[in-house]
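Trainee: Got a structure for you, questions after.
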Amino acid sequence: MAEAVETPRNTELTRLDELVGRLRDGAKTWVNLPVKQKAGIARRMLENYARISERSVRAAVAAKGITPGTPQEGEEWISGPYVTLRILRLNAEALEAIAVGRNTPIGKVDRTIDGKLRVQVYPMTLLDKLLFGGLTAETVLEAGATEKDIEDRARYYKKGPDFDAAKGRVALILGAGNVNSIPATDVVTKMFSEGKVCILKMNPVNAYVGPFIEEAFKELIEKGWLAVVYGGAEEGSYLCKHAGVDEIHITGSDKTHDSIVWGPPGKERVERMARNQPLLDKEITSELGNVSPVLVVPGPYSAKQLAFQADNIGGQVTNNASFNCNAAKMLITPKGWKRTDELFSVLEKAIGAAPVRKAWYPGAKDRYQQLTAGHSSIKTIGSAGSDSLPWTIVKGLDASDKSERNFTTEPFCSILSATEIASEDPIAYLEQAVDFANNRLWGTLSACVVVHPETLKDPKVNEAFERAIAKLRYGAVGINIWPAIAFVLGGTPWGAYPGATLTNIQSGRGFVHNTSMLEKIEKCVCRYPVTGFPKLPYFPTHKNAHVLRQAGSLRTLAKLVRSPGHRRLSAQGLIHRIWRAGVRVYPAAV
């Protein structure tokens, strides 16, 4: 049965004043709280969130028009509770290490092909390896970063009382409306990694999640370290300008960001941007979306391998009705590649395995019309109703057309566009496809690259490939896997490629999650085999994703993270249940 969805009333402005004042007082006690006590709070938050998880998923299923007991219900378990629980657990472990004089956990350290430091952040445990066999993730640091920068990670806990953030700061979080773990995990990042108290304004689209967060994080609220408030543009603008708010973090659109920083569109905004004189005089970090590319490197794919990667790409389109900032939006194939038609055939079949979804995010139908109008080669998949949109592939876009709006506008709806680059030569393809993705597509958040291992056995191609990965200006790169896995893992940072300016914000500035608390981050890279078993849970052809909630109870999960003794015993039963269900997703939680 779906949970009744109730949207809380907007918080009155006088109440916002009261809450900000309370947080300013709370900031002084939060910064001085011993690390060991913060670790204990994170553990209690984890167990409390486990208790509200099932109810929060039922509410999301109702709000998004998902039929209970279908694979799409599994999306809400993964992108909601499991991400939140995993990140809380990893934060607790990091704080526990710091409390006894150790550093936050990381894996091996080496260098990329262009000499930058990279740090392995997944897998970190035997359970990681068992649950996501073949998956690795690395955090790449910016040029000039040194081994000392790695050693000095978790800087908030090492800078001492003179460190500005340690004096007590209030952060406003303007919550995301599309993915229900984002508001909660943004709070966790700001509080535990950066030492700031938070006022979280829920997005009106998913304000129904707010009461669950309030219940799970009740301890923080009662002690004046967190406030959850509600409202739209008026309340958000009021808080952004509030003298008691020190900084802002927003997950949303670049248009909302620019309205906050530069004011409404028009002549005055243009003049302010030309003078580089923003209206906002506070630090603002952000995660703002992307025209996410998928680069398919030519290679000797078997029919099974091509179908697996079609499932991979299709899932990046259909997950969450395509209302994801990291949804696949631009498929880039080699010009003249003999396998292109075959790829599209299996891709359309994979996408067709997912039901057409309710277009529940505001403005979706208008964006769909704008980005399909005028295109002659359009493939629609599934029959849309009055409140839904068909899955749609816009084919044959001219990569040289500088006026093509699909290259510069994030659809945030059920559209995947496609273009061709270069030739069947993998080295030429990599060079030109990376250049196109970097310089012609809007955004710097995430990119996927599909490549066959046999192709990389040629040393010259392998070198070209590693240089291509190094050159991609995206905060997360997924090789043979959806780069959203970096959002899920927690130890990996999540955010846009660094270097955006307030006048050209692209996908935003700053990173969240990053439970290793590394500094000077450039990107993360997640690597996966060209095929794996069983199917990944976001694949549209996965028929059992919704049984995730049956693969291991959340109470077992809470017990699993409480003590090493419980962890070892529970892991065996957990793995058995997962494999029996055919759902390889519990890394998101454990």
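Chain identifiers are assigned as A, B, and so on, following the order in which chains appear in the structure tokens; residues are numbered from 1 within each chain, and ligands are numbered from 1 in order of appearance.
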Could you find all residues in stretch 428-501 of chain A that DSSP calls strand (DSSP E or B) from the backbone, and write them as a list in words?
Mentor: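 Result set for stretch 428-501 of chain A (strand (DSSP E or B)): Ser446, Ala447, Cys448, Val449, Val450, Ala476, Val477, Gly478, Ile479, Pro493, Trp494, Gly495 and Thr501 of chain A.
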Trainee: Keeping only N, CA, C and O atoms, write the selected residues as a PDB file, in the first residue's frame.
Mentor:
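So again_22.pdb came out as:
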```pdb
ATOM      1  N   SER A 446      29.044  14.446 -15.120  1.00  0.00           N
ATOM      2  CA  SER A 446      29.352  13.028 -15.250  1.00  0.00           C
ATOM      3  C   SER A 446      29.342  12.591 -16.701  1.00  0.00           C
ATOM      4  O   SER A 446      28.611  13.143 -17.524  1.00  0.00           O
ATOM      5  N   ALA A 447      30.168  11.586 -16.985  1.00  0.00           N
ATOM      6  CA  ALA A 447      30.273  11.020 -18.330  1.00  0.00           C
ATOM      7  C   ALA A 447      30.511   9.526 -18.220  1.00  0.00           C
ATOM      8  O   ALA A 447      31.196   9.058 -17.303  1.00  0.00           O
ATOM      9  N   CYS A 448      29.965   8.779 -19.179  1.00  0.00           N
ATOM     10  CA  CYS A 448      30.151   7.330 -19.242  1.00  0.00           C
ATOM     11  C   CYS A 448      30.961   6.983 -20.494  1.00  0.00           C
ATOM     12  O   CYS A 448      30.744   7.587 -21.558  1.00  0.00           O
ATOM     13  N   VAL A 449      31.882   6.037 -20.362  1.00  0.00           N
ATOM     14  CA  VAL A 449      32.670   5.555 -21.495  1.00  0.00           C
ATOM     15  C   VAL A 449      32.547   4.035 -21.555  1.00  0.00           C
ATOM     16  O   VAL A 449      32.791   3.347 -20.557  1.00  0.00           O
ATOM     17  N   VAL A 450      32.137   3.519 -22.701  1.00  0.00           N
ATOM     18  CA  VAL A 450      32.023   2.081 -22.917  1.00  0.00           C
ATOM     19  C   VAL A 450      33.223   1.634 -23.738  1.00  0.00           C
ATOM     20  O   VAL A 450      33.499   2.204 -24.799  1.00  0.00           O
ATOM     21  N   ALA A 476      32.675  13.033 -12.438  1.00  0.00           N
ATOM     22  CA  ALA A 476      32.594  11.579 -12.287  1.00  0.00           C
ATOM     23  C   ALA A 476      32.625  10.945 -13.661  1.00  0.00           C
ATOM     24  O   ALA A 476      31.888  11.362 -14.558  1.00  0.00           O
ATOM     25  N   VAL A 477      33.464   9.954 -13.819  1.00  0.00           N
ATOM     26  CA  VAL A 477      33.566   9.206 -15.070  1.00  0.00           C
ATOM     27  C   VAL A 477      33.313   7.736 -14.756  1.00  0.00           C
ATOM     28  O   VAL A 477      33.961   7.153 -13.881  1.00  0.00           O
ATOM     29  N   GLY A 478      32.349   7.135 -15.459  1.00  0.00           N
ATOM     30  CA  GLY A 478      32.071   5.722 -15.291  1.00  0.00           C
ATOM     31  C   GLY A 478      32.515   4.949 -16.516  1.00  0.00           C
ATOM     32  O   GLY A 478      32.094   5.271 -17.634  1.00  0.00           O
ATOM     33  N   ILE A 479      33.367   3.978 -16.324  1.00  0.00           N
ATOM     34  CA  ILE A 479      33.836   3.139 -17.426  1.00  0.00           C
ATOM     35  C   ILE A 479      33.034   1.842 -17.403  1.00  0.00           C
ATOM     36  O   ILE A 479      33.116   1.053 -16.456  1.00  0.00           O
ATOM     37  N   PRO A 493      33.876  11.180  -4.145  1.00  0.00           N
ATOM     38  CA  PRO A 493      33.285  12.518  -4.131  1.00  0.00           C
ATOM     39  C   PRO A 493      32.237  12.638  -5.229  1.00  0.00           C
ATOM     40  O   PRO A 493      32.331  11.976  -6.258  1.00  0.00           O
ATOM     41  N   TRP A 494      31.249  13.500  -5.017  1.00  0.00           N
ATOM     42  CA  TRP A 494      30.214  13.724  -6.017  1.00  0.00           C
ATOM     43  C   TRP A 494      30.080  15.221  -6.247  1.00  0.00           C
ATOM     44  O   TRP A 494      29.776  15.976  -5.328  1.00  0.00           O
ATOM     45  N   GLY A 495      30.323  15.635  -7.480  1.00  0.00           N
ATOM     46  CA  GLY A 495      30.195  17.040  -7.828  1.00  0.00           C
ATOM     47  C   GLY A 495      30.777  17.291  -9.203  1.00  0.00           C
ATOM     48  O   GLY A 495      31.290  16.382  -9.866  1.00  0.00           O
ATOM     49  N   THR A 501      33.084  29.065 -12.958  1.00  0.00           N
ATOM     50  CA  THR A 501      32.994  30.384 -12.353  1.00  0.00           C
ATOM     51  C   THR A 501      31.533  30.731 -12.103  1.00  0.00           C
ATOM     52  O   THR A 501      30.629  30.109 -12.674  1.00  0.00           O
TER      53      THR A 501
END
```
Trainee: Using only C-alpha atoms, what table do you get, as a tab-separated table, when you list each residue of stretch 182-246 of chain A with an atom no more than 12 Å from stretch 269-280 of chain A, its nearest pair of atoms, and their distance in Å rounded to one decimal, rows by chain then rising number?
Mentor:
```
residue	atom	partner	partner_atom	distance
A:Ser237	CA	A:Leu280	CA	10.6
A:Leu239	CA	A:Leu280	CA	11.7
A:Cys240	CA	A:Leu280	CA	8.1
A:Lys241	CA	A:Leu280	CA	7.6
A:His242	CA	A:Leu280	CA	10.7
A:Ala243	CA	A:Leu280	CA	11.5
A:Val245	CA	A:Leu280	CA	11.7
A:Asp246	CA	A:Leu280	CA	11.0
```
Trainee: Which one of A:Ile427, A:Val179, A:Ala321, A:Val488 sits closest to A:Ile66 if you count only C-alpha atoms?
Mentor: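 Using only C-alpha atoms, the shortest distance to A:Ile66 belongs to A:Ala321.
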Trainee: When you look at A:Val434 with a cut-off of 8 Å (counting only C-alpha atoms), what residues show up, excluding the ones that are within fewer than 4 positions of it in the same chain? I need them as a PyMOL selection string.
Mentor: chain A and resi 430+438+468+471-472
Trainee: Can you write out the residues you just picked, keeping N, CA and C atoms, as a PDB file, in the first residue's frame?
Mentor:
```pdb
ATOM      1  N   LEU A 430      38.502   8.440 -29.759  1.00  0.00           N
ATOM      2  CA  LEU A 430      38.673   8.920 -28.391  1.00  0.00           C
ATOM      3  C   LEU A 430      39.070  10.391 -28.370  1.00  0.00           C
ATOM      4  N   ASN A 438      33.845  17.675 -24.039  1.00  0.00           N
ATOM      5  CA  ASN A 438      34.376  18.760 -23.205  1.00  0.00           C
ATOM      6  C   ASN A 438      33.933  20.136 -23.684  1.00  0.00           C
ATOM      7  N   ALA A 468      42.492   9.891 -22.523  1.00  0.00           N
ATOM      8  CA  ALA A 468      41.128  10.394 -22.718  1.00  0.00           C
ATOM      9  C   ALA A 468      40.407  10.523 -21.377  1.00  0.00           C
ATOM     10  N   LYS A 471      41.642  13.496 -19.646  1.00  0.00           N
ATOM     11  CA  LYS A 471      41.248  14.773 -20.263  1.00  0.00           C
ATOM     12  C   LYS A 471      39.774  15.112 -20.056  1.00  0.00           C
ATOM     13  N   LEU A 472      38.939  14.116 -19.817  1.00  0.00           N
ATOM     14  CA  LEU A 472      37.509  14.384 -19.670  1.00  0.00           C
ATOM     15  C   LEU A 472      37.265  15.339 -18.502  1.00  0.00           C
TER      16      LEU A 472
END
```
Trainee: Taking into account only C-alpha atoms, which residue in the set A:Gly107, A:Gly168, A:Pro453, A:Gly532 is nearest to A:Tyr301?
Mentor: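 For A:Tyr301, the nearest of the given residues is A:Pro453.
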Trainee: Could you name the residues that touch stretch 323-328 of chain A at 8 Å or less, counting only C-alpha atoms, but leaving out those on the same chain fewer than 2 positions away, as a PyMOL selection string?
Mentor: chain A and resi 178-179+288-294+313+316-317+319-321+330-331+361+412-414+416+445-446+483-484
Trainee: If you keep N, CA, C and O atoms, can you produce a file of those selected residues as a CSV table (one decimal), in the first residue's frame?
Mentor:
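Output file selection.csv is given in full below:
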```
chain,number,residue,atom,x,y,z
A,178,ASN,N,14.4,15.8,-6.9
A,178,ASN,CA,14.3,14.6,-7.7
A,178,ASN,C,14.7,13.3,-7.0
A,178,ASN,O,14.1,12.3,-7.2
A,179,VAL,N,15.8,13.4,-6.2
A,179,VAL,CA,16.3,12.2,-5.6
A,179,VAL,C,16.3,12.3,-4.1
A,179,VAL,O,16.9,13.3,-3.6
A,288,LEU,N,24.4,21.0,-10.4
A,288,LEU,CA,23.3,21.6,-11.3
A,288,LEU,C,23.0,20.9,-12.5
A,288,LEU,O,22.4,21.5,-13.4
A,289,GLY,N,23.4,19.7,-12.7
A,289,GLY,CA,22.9,18.9,-13.9
A,289,GLY,C,24.0,18.9,-15.0
A,289,GLY,O,25.1,19.4,-14.9
A,290,ASN,N,23.5,18.4,-16.2
A,290,ASN,CA,24.5,18.0,-17.2
A,290,ASN,C,23.7,17.5,-18.4
A,290,ASN,O,22.7,16.9,-18.3
A,291,VAL,N,24.3,17.7,-19.6
A,291,VAL,CA,23.9,16.9,-20.8
A,291,VAL,C,24.9,15.8,-20.8
A,291,VAL,O,26.0,15.8,-21.4
A,292,SER,N,24.6,14.7,-20.1
A,292,SER,CA,25.5,13.6,-19.8
A,292,SER,C,25.9,12.8,-21.0
A,292,SER,O,25.0,12.2,-21.6
A,293,PRO,N,27.1,12.7,-21.4
A,293,PRO,CA,27.5,11.9,-22.6
A,293,PRO,C,27.8,10.5,-22.3
A,293,PRO,O,28.2,10.1,-21.2
A,294,VAL,N,27.5,9.6,-23.3
A,294,VAL,CA,28.0,8.2,-23.2
A,294,VAL,C,28.8,8.0,-24.5
A,294,VAL,O,28.3,8.1,-25.6
A,313,ILE,N,23.3,1.6,-20.7
A,313,ILE,CA,22.9,2.9,-21.3
A,313,ILE,C,21.4,3.1,-21.1
A,313,ILE,O,21.0,4.2,-20.6
A,316,GLN,N,20.5,4.2,-17.6
A,316,GLN,CA,20.8,5.6,-17.4
A,316,GLN,C,19.8,6.6,-17.9
A,316,GLN,O,19.8,7.7,-17.5
A,317,VAL,N,19.0,6.1,-18.8
A,317,VAL,CA,17.9,6.9,-19.4
A,317,VAL,C,16.6,6.7,-18.6
A,317,VAL,O,15.9,7.7,-18.2
A,319,ASN,N,16.0,5.3,-15.5
A,319,ASN,CA,15.9,5.3,-14.0
A,319,ASN,C,15.3,6.6,-13.6
A,319,ASN,O,15.6,7.7,-14.1
A,320,ASN,N,14.4,6.5,-12.6
A,320,ASN,CA,13.7,7.7,-12.0
A,320,ASN,C,13.0,8.5,-13.0
A,320,ASN,O,12.9,9.8,-13.0
A,321,ALA,N,12.5,7.9,-14.1
A,321,ALA,CA,11.8,8.5,-15.2
A,321,ALA,C,12.7,9.5,-15.9
A,321,ALA,O,12.2,10.4,-16.6
A,330,MET,N,23.3,12.1,-24.1
A,330,MET,CA,23.9,12.2,-25.5
A,330,MET,C,24.8,11.0,-25.7
A,330,MET,O,25.9,10.8,-25.1
A,331,LEU,N,24.3,10.2,-26.6
A,331,LEU,CA,25.0,9.0,-27.1
A,331,LEU,C,25.9,9.3,-28.2
A,331,LEU,O,25.5,9.8,-29.3
A,361,TYR,N,8.0,15.5,-12.8
A,361,TYR,CA,8.8,16.7,-12.4
A,361,TYR,C,8.3,17.9,-13.2
A,361,TYR,O,8.1,17.8,-14.4
A,412,PHE,N,16.1,16.9,-18.9
A,412,PHE,CA,15.5,16.6,-17.6
A,412,PHE,C,14.1,16.0,-17.9
A,412,PHE,O,13.1,16.3,-17.3
A,413,CYS,N,14.1,15.1,-18.9
A,413,CYS,CA,12.9,14.3,-19.2
A,413,CYS,C,13.3,13.1,-20.0
A,413,CYS,O,14.5,12.8,-20.1
A,414,SER,N,12.4,12.4,-20.6
A,414,SER,CA,12.7,11.1,-21.2
A,414,SER,C,13.3,11.1,-22.6
A,414,SER,O,13.0,10.2,-23.4
A,416,LEU,N,16.8,10.8,-25.0
A,416,LEU,CA,18.3,10.5,-25.2
A,416,LEU,C,18.5,11.0,-26.6
A,416,LEU,O,17.8,10.6,-27.6
A,445,LEU,N,29.4,17.4,-15.0
A,445,LEU,CA,29.1,16.6,-13.9
A,445,LEU,C,29.6,15.1,-14.1
A,445,LEU,O,30.4,14.6,-13.3
A,446,SER,N,29.0,14.4,-15.1
A,446,SER,CA,29.4,13.0,-15.2
A,446,SER,C,29.3,12.6,-16.7
A,446,SER,O,28.6,13.1,-17.5
A,483,PRO,N,28.0,6.4,-14.3
A,483,PRO,CA,28.8,7.2,-13.3
A,483,PRO,C,28.0,7.6,-12.0
A,483,PRO,O,28.6,8.0,-11.0
A,484,ALA,N,26.7,7.4,-12.0
A,484,ALA,CA,25.9,7.6,-10.8
A,484,ALA,C,26.4,6.7,-9.7
A,484,ALA,O,26.1,7.0,-8.5
```
Trainee: So that I can see what lies close to A:Lys520, please list as a list in words the residues with an atom at most 8 Å from it, counting only C-alpha atoms and leaving out residues fewer than 2 positions away in the same chain.
Mentor: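 In the requested format, the answer is Leu141, Glu142, Ala145, Asp149, Leu518 and Glu522 of chain A.
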Trainee: Can you list, as a PyMOL selection string, every residue of stretch 214-264 of chain A that DSSP puts in alpha helix (DSSP H)?
Mentor: chain A and resi 214-216+218-222+233-241+254-262
Trainee: Find the residues around stretch 202-214 of chain A up to 8 Å (only C-alpha atoms counted), leave out those fewer than 6 positions away in its own chain, and share them as a count of residues only.
Mentor: 24
Trainee: Closest to A:Val346 among A:Thr541, A:Thr251, A:Thr333, A:Thr531, using only C-alpha atoms?
Mentor: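 Going through A:Thr541, A:Thr251, A:Thr333, A:Thr531 one by one, the smallest distance to A:Val346 is for A:Thr541.
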Trainee: Please determine, counting only C-alpha atoms, which residue among A:Ala154, A:Leu90, A:Ala310, A:Leu13 has the shortest atom-to-atom distance to A:Leu46.
Mentor: A:Leu90
Trainee: Of the candidates A:Leu85, A:Leu536, A:Met124, A:Ile378, which shows the shortest atom-to-atom distance to A:Asp311, using only C-alpha atoms?
Mentor: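 Using only C-alpha atoms, A:Asp311 sits closest to A:Leu536.
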Trainee: So that I can check the surroundings of A:Lys395, please list as a list of chain:residue names every protein, DNA and RNA residue that reaches within 6 Å of it, counting only C-alpha atoms and ignoring chain neighbours fewer than 5 positions away.
Mentor: A:Ser377, A:Ser417, A:Ala418
Trainee: Could you please take those selected residues and save all heavy atoms as a PDB file, in the first residue's frame?
Mentor:
```pdb
ATOM      1  N   SER A 377      14.419  12.626 -37.258  1.00  0.00           N
ATOM      2  CA  SER A 377      14.736  11.240 -36.925  1.00  0.00           C
ATOM      3  C   SER A 377      14.520  11.012 -35.432  1.00  0.00           C
ATOM      4  O   SER A 377      15.427  11.200 -34.617  1.00  0.00           O
ATOM      5  CB  SER A 377      16.187  10.908 -37.306  1.00  0.00           C
ATOM      6  OG  SER A 377      16.485   9.559 -37.047  1.00  0.00           O
ATOM      7  N   SER A 417      19.536  11.823 -26.845  1.00  0.00           N
ATOM      8  CA  SER A 417      19.927  12.236 -28.192  1.00  0.00           C
ATOM      9  C   SER A 417      21.161  11.463 -28.623  1.00  0.00           C
ATOM     10  O   SER A 417      21.847  10.851 -27.800  1.00  0.00           O
ATOM     11  CB  SER A 417      20.189  13.742 -28.224  1.00  0.00           C
ATOM     12  OG  SER A 417      19.020  14.466 -27.892  1.00  0.00           O
ATOM     13  N   ALA A 418      21.459  11.500 -29.919  1.00  0.00           N
ATOM     14  CA  ALA A 418      22.578  10.720 -30.439  1.00  0.00           C
ATOM     15  C   ALA A 418      23.267  11.466 -31.579  1.00  0.00           C
ATOM     16  O   ALA A 418      22.623  12.122 -32.397  1.00  0.00           O
ATOM     17  CB  ALA A 418      22.099   9.354 -30.930  1.00  0.00           C
TER      18      ALA A 418
END
```
Trainee: Go through A:Gln432, A:Thr185, A:Asn32, A:Thr408 one by one, measure the shortest atom-to-atom distance of each to A:Ser79 using only C-alpha atoms, and give the residue with the smallest value.
Mentor: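 Of all the options, A:Thr185 lies closest to A:Ser79.
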Trainee: Work out how far apart atom CA of A:Pro123 and atom CA of A:Arg51 are and give it in Å to one decimal.
Mentor: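 Distance reported for this atom pair: 27.3 Å.
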